[in-house]
file query30.txt (compact mmCIF, C-alpha atoms and all ligand atoms)
# COMPACT_ATOMS: atom_id res chain seq x y z
CA MET A 158 14.79 10.32 -26.27
CA GLU A 159 15.06 6.60 -25.94
CA SER A 160 12.63 4.69 -28.03
CA GLN A 161 10.55 2.23 -26.16
CA ILE A 162 9.38 -0.86 -27.91
CA ALA A 163 6.01 -2.28 -26.96
CA PRO A 164 5.89 -1.00 -23.42
CA SER A 165 4.61 -3.52 -21.01
CA TRP A 166 4.33 -2.71 -17.38
CA PRO A 167 5.89 -5.28 -15.05
CA PRO A 168 4.40 -4.35 -11.66
CA GLU A 169 7.59 -5.27 -9.79
CA ARG A 170 9.73 -3.02 -11.97
CA LEU A 171 7.53 -0.20 -13.10
CA ASP A 172 8.91 2.78 -14.97
CA VAL A 173 6.67 5.20 -13.12
CA ARG A 174 7.15 8.24 -15.32
CA ALA A 175 6.55 6.31 -18.53
CA PHE A 176 3.53 4.64 -16.96
CA ALA A 177 2.09 8.04 -16.02
CA ARG A 178 2.84 9.60 -19.40
CA ALA A 179 1.04 6.74 -21.12
CA SER A 180 -1.94 7.13 -18.75
CA ALA A 181 -1.50 3.41 -18.45
CA GLN A 182 -3.49 1.05 -16.27
CA LEU A 183 -2.50 -2.14 -14.55
CA GLN A 184 -4.43 -4.57 -12.49
CA GLY A 185 -3.84 -7.90 -10.92
CA GLU A 186 -4.72 -10.27 -8.19
CA ALA A 187 -2.73 -12.72 -6.12
CA PRO A 188 -3.45 -15.03 -3.22
CA LEU A 189 -2.67 -13.56 0.17
CA ALA A 190 -0.04 -16.29 0.61
CA ASP A 191 2.08 -14.53 -2.05
CA TRP A 192 2.44 -11.42 0.12
CA GLU A 193 5.04 -12.26 2.74
CA ARG A 194 4.47 -9.34 5.08
CA LEU A 195 0.68 -9.64 4.87
CA VAL A 196 0.99 -13.29 5.82
CA GLU A 197 3.09 -12.25 8.83
CA GLU A 198 0.35 -9.81 9.84
CA SER A 199 -2.36 -12.43 9.43
CA GLN A 200 -3.70 -15.27 11.50
CA ALA A 201 -3.72 -18.78 10.15
CA GLY A 202 -6.91 -20.77 9.95
CA LEU A 203 -9.09 -18.70 7.64
CA GLN A 204 -9.19 -18.81 3.86
CA PRO A 205 -8.83 -15.24 2.65
CA PRO A 206 -9.86 -14.21 -0.86
CA ALA A 207 -7.22 -13.04 -3.36
CA VAL A 208 -5.81 -9.55 -2.98
CA ARG A 209 -7.07 -7.49 -5.93
CA TRP A 210 -5.42 -4.26 -7.02
CA SER A 211 -5.46 -1.77 -9.85
CA ALA A 212 -3.24 1.19 -10.67
CA GLN A 213 -3.65 4.15 -12.99
CA GLY A 214 -0.91 6.53 -14.10
CA GLU A 215 -1.48 10.22 -14.70
CA THR A 216 0.55 13.32 -15.49
CA ARG A 217 -0.66 16.76 -14.45
CA ALA A 218 0.60 19.79 -16.32
CA GLN A 219 2.18 22.51 -14.18
CA THR A 220 2.72 26.09 -15.27
CA GLY A 221 6.43 26.86 -15.15
CA GLY A 222 7.54 23.36 -14.32
CA PRO A 223 7.64 19.80 -15.49
CA ASP A 224 4.49 17.71 -15.44
CA GLN A 225 3.68 16.10 -12.14
CA VAL A 226 3.72 12.31 -12.09
CA TRP A 227 0.83 10.65 -10.28
CA LEU A 228 -0.22 7.13 -9.56
CA HIS A 229 -3.64 6.14 -8.27
CA LEU A 230 -3.96 2.85 -6.48
CA GLN A 231 -6.95 0.83 -5.42
CA VAL A 232 -6.68 -2.38 -3.46
CA SER A 233 -9.27 -4.72 -2.08
CA ALA A 234 -8.50 -7.50 0.36
CA ALA A 235 -9.78 -9.34 3.40
CA LEU A 236 -7.17 -10.15 6.00
CA PRO A 237 -7.46 -12.91 8.58
CA GLN A 238 -7.20 -11.31 12.01
CA VAL A 239 -8.27 -12.02 15.56
CA CYS A 240 -11.36 -10.11 16.55
CA GLN A 241 -10.51 -8.06 19.63
CA ARG A 242 -14.04 -8.33 20.98
CA CYS A 243 -14.58 -12.10 20.90
CA LEU A 244 -10.95 -13.20 20.28
CA SER A 245 -11.97 -15.57 17.50
CA PRO A 246 -10.73 -15.43 13.87
CA ALA A 247 -12.23 -12.77 11.64
CA LEU A 248 -11.76 -11.91 7.97
CA ILE A 249 -11.37 -8.14 8.08
CA PRO A 250 -12.07 -6.32 4.79
CA VAL A 251 -9.40 -3.73 3.95
CA GLU A 252 -9.80 -1.26 1.10
CA VAL A 253 -7.21 1.16 -0.21
CA ASP A 254 -7.89 4.08 -2.51
CA SER A 255 -4.79 6.26 -2.56
CA SER A 256 -3.03 8.68 -4.85
CA PHE A 257 0.68 9.29 -4.88
CA ARG A 258 2.76 12.01 -6.41
CA PHE A 259 6.24 11.05 -7.48
CA VAL A 260 9.09 13.49 -7.01
CA PRO A 261 12.64 13.27 -8.40
CA ASP A 262 14.47 12.28 -5.24
CA GLU A 263 14.23 11.67 -1.55
CA ALA A 264 15.49 15.13 -0.59
CA THR A 265 12.59 16.67 -2.52
CA ALA A 266 10.15 14.28 -0.90
CA MET A 267 11.41 15.19 2.57
CA ALA A 268 11.37 18.92 1.81
CA LEU A 269 7.79 18.78 0.55
CA ASP A 270 6.43 16.28 3.03
CA ASP A 271 5.10 18.82 5.54
CA GLU A 272 3.23 20.99 3.10
CA ALA A 273 2.05 18.42 0.56
CA GLN A 274 -1.45 17.11 1.08
CA GLU A 275 -0.73 14.03 -0.95
CA ASP A 276 1.59 11.13 -0.31
CA LEU A 277 4.96 11.58 -1.96
CA LEU A 278 7.14 8.86 -3.35
CA VAL A 279 10.44 8.90 -5.17
CA LEU A 280 10.47 8.39 -8.93
CA SER A 281 12.00 5.19 -10.09
CA ARG A 282 12.31 3.30 -13.32
CA ASP A 283 11.96 0.02 -11.50
CA PHE A 284 9.39 0.84 -8.88
CA ASN A 285 7.91 -2.14 -7.07
CA LEU A 286 4.19 -1.55 -7.27
CA LEU A 287 3.40 -4.81 -5.52
CA GLU A 288 5.40 -3.66 -2.52
CA LEU A 289 3.37 -0.46 -2.45
CA VAL A 290 0.17 -2.54 -2.56
CA GLU A 291 1.42 -4.48 0.44
CA ASP A 292 2.56 -1.35 2.32
CA GLU A 293 -0.78 0.33 1.80
CA LEU A 294 -2.74 -2.69 2.96
CA ILE A 295 -0.66 -2.92 6.12
CA LEU A 296 -1.17 0.80 6.78
CA ALA A 297 -4.91 0.45 6.18
CA MET A 298 -5.34 -2.44 8.57
CA PRO A 299 -7.56 -1.49 11.49
CA LEU A 300 -5.68 -1.06 14.78
CA VAL A 301 -8.38 -3.01 16.54
CA PRO A 302 -9.90 -5.62 14.22
CA LEU A 303 -13.49 -6.46 15.06
CA HIS A 304 -16.23 -8.58 13.55
CA ASP A 305 -19.19 -6.55 12.37
CA THR A 306 -21.20 -9.00 14.41
CA CYS A 307 -19.40 -11.47 16.61
CA PRO A 308 -20.44 -15.10 16.11
CA ALA A 309 -20.97 -15.85 19.80
CA PRO A 310 -21.38 -13.64 22.87
CA LEU A 311 -18.33 -13.54 25.12
CA PRO A 312 -17.35 -11.59 28.19
CA MET A 313 -15.97 -8.12 27.51
CA SER A 314 -12.24 -7.74 27.94
CA ALA A 315 -11.73 -4.43 29.71
CA ALA A 316 -8.11 -3.35 29.49
CA ASP A 317 -6.86 -4.86 26.29
CA PRO A 318 -3.08 -5.14 26.05
CA GLN A 319 -3.32 -5.89 22.31
CA PHE A 320 -4.42 -2.34 21.65
CA GLU A 321 -1.16 -0.66 22.65
CA THR A 322 0.92 -3.28 20.93
CA ALA A 323 -0.94 -2.70 17.69
CA THR A 324 -0.40 1.06 17.96
CA GLU A 325 3.33 0.70 18.51
CA GLN A 326 3.79 -1.68 15.62
CA ARG A 327 2.01 0.49 13.13
CA PRO A 328 4.71 2.01 10.90
CA HIS A 329 4.60 5.75 10.34
CA PRO A 330 3.85 6.51 6.66
CA PHE A 331 7.17 8.25 6.37
CA ALA A 332 8.97 5.11 7.41
CA ALA A 333 7.48 3.47 4.35
CA LEU A 334 8.66 6.33 2.19
CA ALA A 335 12.21 5.92 3.40
CA GLY A 336 12.08 2.40 2.01
CA TRP A 337 11.87 3.67 -1.55
CA LYS A 338 15.53 4.39 -1.95
CA VAL A 339 16.99 3.36 -5.22
CA PRO A 340 19.02 0.22 -4.60
CA LYS A 341 22.72 0.90 -4.31
CA SER A 342 24.67 -0.28 -7.29
CA SER A 343 27.43 -2.55 -6.24
ZN ZN A 401 -15.76 -10.97 17.12
call {"tool": "encode", "arguments": {"input": "query30.txt", "output": "structure tokens", "more": "lines below"}}
Ligand SMILES: [Zn+2]
result
Amino acid sequence: MESQIAPSWPPERLDVRAFARASAQLQGEAPLADWERLVEESQAGLQPPAVRWSAQGETRAQTGGPDQVWLHLQVSAALPQVCQRCLSPALIPVEVDSSFRFVPDEATAMALDDEAQEDLLVLSRDFNLLELVEDELILAMPLVPLHDTCPAPLPMSAADPQFETATEQRPHPFAALAGWKVPKSS
């Protein structure tokens, strides 16, 4: 066993197994402008609040096998979008409350993906938790953003071409998983 001195948990390089074994918690917040892909998915002109997130590690004992490694993630944000009813800017609240089970490698994740109820990710000692926060927010964005109540009445747009575009651009969850490969050593 390696000894670990004063574990701290850098969210960009998280040792997931150690984090889970310690039942550790992490939380943070950052302005939306810090999240490059969220900025790309957002409309300029509104002042969004900071993205707030928290993560909790957990191990679950298994009979006849190693402990399962889990990570629970909660994220709260409001993303500047264009309301598809009135076509004016809208701050759309997006909440994430997800749990992930980490498996040893990508082959295991792919083999288990069909039967597992939970989202599977690949264990890493330098897992980028902030990237997961961003991925989950993008996945949780509504396909058709709408104000709860539009500020001004406007004519209805019948066939809305934005709808199909939004559907096509939405990444499949498994596409996100494939992004978790361990970086090649060069
Ligand atoms: Zn609206």
call {"tool": "residues_around", "arguments": {"input": "query30.txt", "residues": "A:Arg170", "least_positions_apart": "2", "cutoff": "9 Å", "atoms": "all atoms listed in the file", "output": "ChimeraX atom specification"}}
result
/A:166-168,172-173,281-286
call {"tool": "atom_distance", "arguments": {"input": "query30.txt", "atom1": "atom CA of A:Leu230", "atom2": "atom CA of A:Ala212"}}
result
4.6 Å
call {"tool": "atom_distance", "arguments": {"input": "query30.txt", "atom1": "atom CA of A:Gly185", "atom2": "atom CA of A:Ala234"}}
result
12.2 Å
call {"tool": "atom_distance", "arguments": {"input": "query30.txt", "atom1": "atom CA of A:Leu171", "atom2": "atom CA of A:Pro223"}}
result
20.1 Å
call {"tool": "residues_near_ligand", "arguments": {"input": "query30.txt", "ligand": "ligand ZN 401 (chain A)", "cutoff": "6 Å", "atoms": "all atoms listed in the file", "output": "PyMOL selection string"}}
result
chain A and resi 240+242-243+245+303-304+307
call {"tool": "build_atoms", "arguments": {"input": "query30.txt", "residues": "stretch 224-251 of chain A", "atoms": "N, CA and C atoms", "output": "PDB file, in the coordinates of the input"}}
result
ATOM      1  N   ASP A 224       5.736  18.377 -15.828  1.00  0.00           N
ATOM      2  CA  ASP A 224       4.490  17.710 -15.440  1.00  0.00           C
ATOM      3  C   ASP A 224       4.679  16.935 -14.143  1.00  0.00           C
ATOM      4  N   GLN A 225       3.660  16.955 -13.329  1.00  0.00           N
ATOM      5  CA  GLN A 225       3.680  16.100 -12.140  1.00  0.00           C
ATOM      6  C   GLN A 225       3.340  14.664 -12.535  1.00  0.00           C
ATOM      7  N   VAL A 226       3.945  13.741 -11.840  1.00  0.00           N
ATOM      8  CA  VAL A 226       3.720  12.310 -12.090  1.00  0.00           C
ATOM      9  C   VAL A 226       2.881  11.752 -10.940  1.00  0.00           C
ATOM     10  N   TRP A 227       1.745  11.173 -11.292  1.00  0.00           N
ATOM     11  CA  TRP A 227       0.830  10.650 -10.280  1.00  0.00           C
ATOM     12  C   TRP A 227       0.527   9.186 -10.535  1.00  0.00           C
ATOM     13  N   LEU A 228       0.229   8.508  -9.462  1.00  0.00           N
ATOM     14  CA  LEU A 228      -0.220   7.130  -9.560  1.00  0.00           C
ATOM     15  C   LEU A 228      -1.380   6.935  -8.583  1.00  0.00           C
ATOM     16  N   HIS A 229      -2.450   6.390  -9.098  1.00  0.00           N
ATOM     17  CA  HIS A 229      -3.640   6.140  -8.270  1.00  0.00           C
ATOM     18  C   HIS A 229      -3.760   4.635  -8.069  1.00  0.00           C
ATOM     19  N   LEU A 230      -3.977   4.264  -6.834  1.00  0.00           N
ATOM     20  CA  LEU A 230      -3.960   2.850  -6.480  1.00  0.00           C
ATOM     21  C   LEU A 230      -5.229   2.469  -5.735  1.00  0.00           C
ATOM     22  N   GLN A 231      -5.822   1.388  -6.161  1.00  0.00           N
ATOM     23  CA  GLN A 231      -6.950   0.830  -5.420  1.00  0.00           C
ATOM     24  C   GLN A 231      -6.660  -0.632  -5.117  1.00  0.00           C
ATOM     25  N   VAL A 232      -6.923  -1.006  -3.888  1.00  0.00           N
ATOM     26  CA  VAL A 232      -6.680  -2.380  -3.460  1.00  0.00           C
ATOM     27  C   VAL A 232      -7.863  -2.856  -2.641  1.00  0.00           C
ATOM     28  N   SER A 233      -8.183  -4.120  -2.837  1.00  0.00           N
ATOM     29  CA  SER A 233      -9.270  -4.720  -2.080  1.00  0.00           C
ATOM     30  C   SER A 233      -8.803  -6.063  -1.543  1.00  0.00           C
ATOM     31  N   ALA A 234      -8.958  -6.258  -0.250  1.00  0.00           N
ATOM     32  CA  ALA A 234      -8.500  -7.500   0.360  1.00  0.00           C
ATOM     33  C   ALA A 234      -9.324  -7.780   1.607  1.00  0.00           C
ATOM     34  N   ALA A 235      -9.205  -8.985   2.086  1.00  0.00           N
ATOM     35  CA  ALA A 235      -9.780  -9.340   3.400  1.00  0.00           C
ATOM     36  C   ALA A 235      -8.709 -10.116   4.140  1.00  0.00           C
ATOM     37  N   LEU A 236      -8.319  -9.603   5.292  1.00  0.00           N
ATOM     38  CA  LEU A 236      -7.170 -10.150   6.000  1.00  0.00           C
ATOM     39  C   LEU A 236      -7.618 -10.917   7.244  1.00  0.00           C
ATOM     40  N   PRO A 237      -7.090 -12.117   7.410  1.00  0.00           N
ATOM     41  CA  PRO A 237      -7.460 -12.910   8.580  1.00  0.00           C
ATOM     42  C   PRO A 237      -6.820 -12.324   9.852  1.00  0.00           C
ATOM     43  N   GLN A 238      -7.653 -11.913  10.770  1.00  0.00           N
ATOM     44  CA  GLN A 238      -7.200 -11.310  12.010  1.00  0.00           C
ATOM     45  C   GLN A 238      -7.923 -11.975  13.175  1.00  0.00           C
ATOM     46  N   VAL A 239      -7.536 -11.572  14.382  1.00  0.00           N
ATOM     47  CA  VAL A 239      -8.270 -12.020  15.560  1.00  0.00           C
ATOM     48  C   VAL A 239      -9.150 -10.870  16.028  1.00  0.00           C
ATOM     49  N   CYS A 240     -10.424 -11.125  16.085  1.00  0.00           N
ATOM     50  CA  CYS A 240     -11.360 -10.110  16.550  1.00  0.00           C
ATOM     51  C   CYS A 240     -11.049  -9.773  18.007  1.00  0.00           C
ATOM     52  N   GLN A 241     -10.910  -8.469  18.277  1.00  0.00           N
ATOM     53  CA  GLN A 241     -10.510  -8.060  19.630  1.00  0.00           C
ATOM     54  C   GLN A 241     -11.700  -7.987  20.588  1.00  0.00           C
ATOM     55  N   ARG A 242     -12.887  -8.271  20.085  1.00  0.00           N
ATOM     56  CA  ARG A 242     -14.040  -8.330  20.980  1.00  0.00           C
ATOM     57  C   ARG A 242     -14.252  -9.766  21.461  1.00  0.00           C
ATOM     58  N   CYS A 243     -14.273 -10.714  20.511  1.00  0.00           N
ATOM     59  CA  CYS A 243     -14.580 -12.100  20.900  1.00  0.00           C
ATOM     60  C   CYS A 243     -13.348 -13.006  20.837  1.00  0.00           C
ATOM     61  N   LEU A 244     -12.216 -12.459  20.354  1.00  0.00           N
ATOM     62  CA  LEU A 244     -10.950 -13.200  20.280  1.00  0.00           C
ATOM     63  C   LEU A 244     -11.026 -14.459  19.412  1.00  0.00           C
ATOM     64  N   SER A 245     -11.943 -14.474  18.464  1.00  0.00           N
ATOM     65  CA  SER A 245     -11.970 -15.570  17.500  1.00  0.00           C
ATOM     66  C   SER A 245     -11.571 -15.013  16.121  1.00  0.00           C
ATOM     67  N   PRO A 246     -11.211 -15.904  15.181  1.00  0.00           N
ATOM     68  CA  PRO A 246     -10.730 -15.430  13.870  1.00  0.00           C
ATOM     69  C   PRO A 246     -11.796 -14.631  13.126  1.00  0.00           C
ATOM     70  N   ALA A 247     -11.322 -13.619  12.418  1.00  0.00           N
ATOM     71  CA  ALA A 247     -12.230 -12.770  11.640  1.00  0.00           C
ATOM     72  C   ALA A 247     -11.541 -12.380  10.346  1.00  0.00           C
ATOM     73  N   LEU A 248     -12.275 -12.430   9.238  1.00  0.00           N
ATOM     74  CA  LEU A 248     -11.760 -11.910   7.970  1.00  0.00           C
ATOM     75  C   LEU A 248     -12.129 -10.430   7.922  1.00  0.00           C
ATOM     76  N   ILE A 249     -11.112  -9.572   8.005  1.00  0.00           N
ATOM     77  CA  ILE A 249     -11.370  -8.140   8.080  1.00  0.00           C
ATOM     78  C   ILE A 249     -11.170  -7.523   6.684  1.00  0.00           C
ATOM     79  N   PRO A 250     -12.227  -6.950   6.098  1.00  0.00           N
ATOM     80  CA  PRO A 250     -12.070  -6.320   4.790  1.00  0.00           C
ATOM     81  C   PRO A 250     -11.192  -5.068   4.897  1.00  0.00           C
ATOM     82  N   VAL A 251     -10.262  -4.917   3.976  1.00  0.00           N
ATOM     83  CA  VAL A 251      -9.400  -3.730   3.950  1.00  0.00           C
ATOM     84  C   VAL A 251      -9.397  -3.186   2.524  1.00  0.00           C
TER      85      VAL A 251
END
